[in-house]
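J.: Sharing a structure here in structure tokens format.
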Amino acid sequence: MFEISEIFFTVFVTALLGILILPQPYLGVIFTAASLVMVELLPSIPFLSSIAPLIGLVTLIGFFFKNKKRSGNFSLQIHAINVWSFLFIFWMFVTHPQAAWNGADRNWVFTFVQLWLLTFLSGELLDTYQKHRAFLWIFSAVSAISALIAIQQGYVINDISLDIRAIGLTEGANSAARYFVVGMIFFSYLRINEKNKVLRLIANAGMIITFLGVFFTVSRTGMVLLFTAVGLMVLLNPQKKQSVLLIGSFFVAIIVLTFMSDSIFKIIGSIIPSISQGTDTIGLRYKLWGAAWRMWLDYPVQGVGIGMYPIQLRYYAGYDLLPRFWSAVTHNTYLQVLSETGIVGFGIFMVMLTTTLKNLLAKRREGDIKVAGIQTAWFIVFLIMLLGGVTMNQSADKIIWIVMGASLYFQKLRKGELQEDVFTEQTEFTPRTGSRTPNKVNRPALKNRRIR
């Protein structure tokens with residue numbers, strides 16, 4: 001039985017979330033993403049595994065009210081990404097209903113339905129440049145705080161098995177590294193178009209902090225993703241001046257890193273030999289991947305069932321895998337989906353990813369530099385998460401599903417489904433109703449810039 005204090009606390013948290021989210025439901029999507037980086041600070045809620053489902057419920061209610069108020073009656077617009085993700089959930093259930101509904105550690109149907117709703121809400125609520133910008137600021141700010149704590153927690157020496165792997169406020173070192181990379185990418189694009197000098201300085205500091213935080217997680221995959229992200233940001237940035245400033249910021253970060261721990265460079269130097277020789281945890285992953293491939297060969301169409309890989313592993317691991325690893329996961333998103341949902345589920349999953357990439361590559365309107373920056377940031381984040389899926393199970397990662405929904409904003413812009421007021425350049429200089437323009441000569445020019 002739950003104590004009265006816990007019930008009152010749940011009511012208090014629900015009321016607080018209602019006050020914050022119901023008037024602006026898009027904040028619920030942002031808070032859900034931010035909760036991934038600050039799991040350690042989140043309170044436990046009775047009857048629920050975490051506070052995330054409660055945030056989602058309040059966000060969904062807020063969306064219903066906003067939708068009905070805007071259109072007079074409730075209406076839904078379903079996009080291709082919503083259809084494909086629904087088919088993915090449907091396939092995993094009809095092929096292995098017992099595994100999907102009564103999994104060893106969770107109800108997978110409930111988990112993926114929540115992710116489907118998160119994608120849907122992201123696509124509907126993140127419908128302006130300002131909301132995307134708010135997402136980037138809040139998520140990156142929380143990431144910087146978590147990274148700063150990770151820097152204080154971590155201790156790196158020349159042997160990876162003896163390092164103290166920092167996690168900041170997240171659940172694990174590998175997850176922390178990925179989220180710090182995402183925060184770093186967001187910071188780098190926020191600083192480019194930020195006019196406020198204080199905010200630009202904050203973005204620069206946050207970018208360096210999240211950059212450093214990745215190394216103190218001692219996640220070699222995280223380091224690879226970090227350098228890949230830096231390369232993509234320099235390569236995809238059309239403004240050469242900004243690229244030079246970006247490289248300069250990372251050069252400063254590397255100098256700071258050298259003073260903090262020169263042993264980190266020994267860890268970096270061990271990445272390629274570990275991959276080629278299959279040593280440390282890399283060799284373990286190779287064995288896990290081989291077992292996943294053999295599972296798929298035995299069940300090529302329907303797979304072994306969602307979440308069933310750890311249970312079936314002992315029968316496919318071979319004699320070279322120690323019994324203490326018999327309940328491990330695949331540590332590879334693509335082999336996980338392939339072995340657990342078969343070639344059909346894998347095909348649907350890949351269509352979901354390619355559809356998102358197509359949305360993120362949608363042609364932009366000329367002159368929309370700010371929107372272009374946000375779109376490029378999302379594109380790089382999605383590529384980094386997909387690359388990270390090679391060494392980590394991320395089929396149920398909330399960031400990936402949020403990006404799927406957020407990508408619809410750019411598809412809608414391309415199709416002209418959004419109003420002109422999504423463009424900050426136009427709204428910032430539009431005179432308010434009833435305002436006076438002191439210079440009469442400029443009045444015709446201002447009038448022409450009004451949003452129709």
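Letters A, B, ... mark the chains of the structure tokens in the order given; residue numbers begin at 1 per chain; ligand numbers begin at 1, in order shown.
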What's around His79 in chain A at 10 Å? Count only C-alpha atoms, leave out sequence neighbours fewer than 6 positions away in its own chain, and write the answer as a count of residues only.
T.: 4
J.: For range 48-161 of chain A against range 335-338 of chain A, with a cut-off of 12 Å and counting only C-alpha atoms, what is the closest atom pair and its distance in Å to one decimal for every residue that makes the cut, ordered by chain and number, as CSV?
T.:
residue,atom,partner,partner_atom,distance
A:Phe88,CA,A:Val337,CA,10.3
A:Ile89,CA,A:Val337,CA,11.8
A:Trp91,CA,A:Val337,CA,11.7
A:Met92,CA,A:Val337,CA,9.9
J.: Mind checking which residues fall within 12 Å of Phe349 in chain A, counting only C-alpha atoms, ignoring those fewer than 4 positions away in the same chain, and posting them as an NGL selection string?
T.: :A and (81-89 or 91-92 or 333-338 or 340-345 or 353-356 or 386 or 394-396 or 400-401 or 404)
J.: Please return, as number ranges by chain, all residues of range 111-329 of chain A that DSSP assigns to alpha helix (DSSP H) on the basis of the backbone.
T.: A: 111-125, 129-153, 173-193, 197-216, 220-236, 240-260, 264-269, 271-277, 280-298, 309-316
J.: Rank A:Met352, A:Val58, A:Leu357, A:Lys370 by their smallest atom-to-atom distance to Ala15 in chain A, using only C-alpha atoms, and report the top residue only.
T.: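 Closest residue, counting only C-alpha atoms: A:Val58.
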J.: Counting only C-alpha atoms, what is within 8 Å of range 227-230 of chain A, bar same-chain residues fewer than 6 positions away, as a VMD selection string?
T.: chain A and resid 181 185 380 to 381 384
J.: Can you work out which one of A:Ile51, A:Leu41, A:Leu236, A:Leu125 has the shortest atom-to-atom distance to Leu27 in chain A, counting only C-alpha atoms?
T.: A:Leu125
J.: Can you list, as a PyMOL selection string, every protein, DNA or RNA residue that comes within 7 Å of Phe211 in chain A when you count only C-alpha atoms, leaving out same-chain residues fewer than 3 positions away?
T.: chain A and resi 181+184+207-208+214
J.: Can you tell me how far CA of Leu117 in chain A sits from CA of Gly168 in chain A, in Å to one decimal?
T.: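 The value is 28.2 Å.
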J.: Quick one: residues within 10 Å of range 310-320 of chain A, only C-alpha atoms counted, chain neighbours fewer than 4 positions away excluded, as a ChimeraX atom specification?
T.: /A:104,284,287-295,304-305,325-330
J.: Put those residues in a file: C-alpha atoms, as a compact mmCIF listing (two decimals), in the first residue's frame.
T.:
# COMPACT_ATOMS: atom_id res chain seq x y z
CA ALA A 104 10.29 -10.61 -19.33
CA LEU A 284 32.06 -9.48 -26.68
CA LYS A 287 29.93 -12.67 -30.29
CA LEU A 288 26.56 -11.15 -29.43
CA TRP A 289 26.10 -9.99 -33.02
CA GLY A 290 26.91 -13.47 -34.31
CA ALA A 291 24.26 -14.96 -32.02
CA ALA A 292 21.68 -12.45 -33.31
CA TRP A 293 22.48 -13.38 -36.89
CA ARG A 294 22.03 -17.09 -36.14
CA MET A 295 18.67 -16.35 -34.47
CA VAL A 304 12.21 -14.76 -32.13
CA GLY A 305 9.89 -12.12 -30.66
CA PHE A 325 26.72 -12.93 -20.46
CA TRP A 326 23.85 -15.25 -21.41
CA SER A 327 21.24 -12.62 -20.58
CA ALA A 328 22.96 -9.75 -22.44
CA VAL A 329 21.30 -7.71 -25.16
CA THR A 330 22.52 -7.49 -28.76
J.: Within 8 Å of Ala177 in chain A, counting only C-alpha atoms, which residues show up once you throw out same-chain ones fewer than 4 positions away? Write them as a list in words, please.
T.: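 Counting only the stated atoms, we get Ala173, Val181, Gly213, Val214, Phe215, Thr217, Ser219, Gly222 and Met223 of chain A.
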J.: Could you save those same residues with C-alpha atoms as a short mmCIF file (atom, residue, chain, number, x, y, z; two decimals), in the first residue's frame?
T.:
data_model
loop_
_atom_site.label_atom_id
_atom_site.label_comp_id
_atom_site.auth_asym_id
_atom_site.auth_seq_id
_atom_site.Cartn_x
_atom_site.Cartn_y
_atom_site.Cartn_z
CA ALA A 173 27.76 5.86 -19.45
CA VAL A 181 26.91 14.64 -28.14
CA GLY A 213 31.74 15.37 -20.73
CA VAL A 214 31.77 12.72 -23.44
CA PHE A 215 35.36 11.74 -22.63
CA THR A 217 32.02 8.66 -19.71
CA SER A 219 32.53 5.49 -23.90
CA GLY A 222 30.63 8.09 -27.67
CA MET A 223 34.05 9.46 -28.63
#
J.: Choose the residue, out of A:Ala100, A:Leu42, A:Leu212, A:Val244, that has the smallest atom-to-atom separation from Leu226 in chain A; count only C-alpha atoms.
T.: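 The answer is A:Leu212, which sits nearest to Leu226 in chain A.
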J.: Kindly indicate which residue among A:Ile192, A:Ile282, A:Val37, A:Val301 lies nearest to Arg220 in chain A, using only C-alpha atoms for the distances.
T.: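 So, comparing all the options, the nearest one is A:Ile282.
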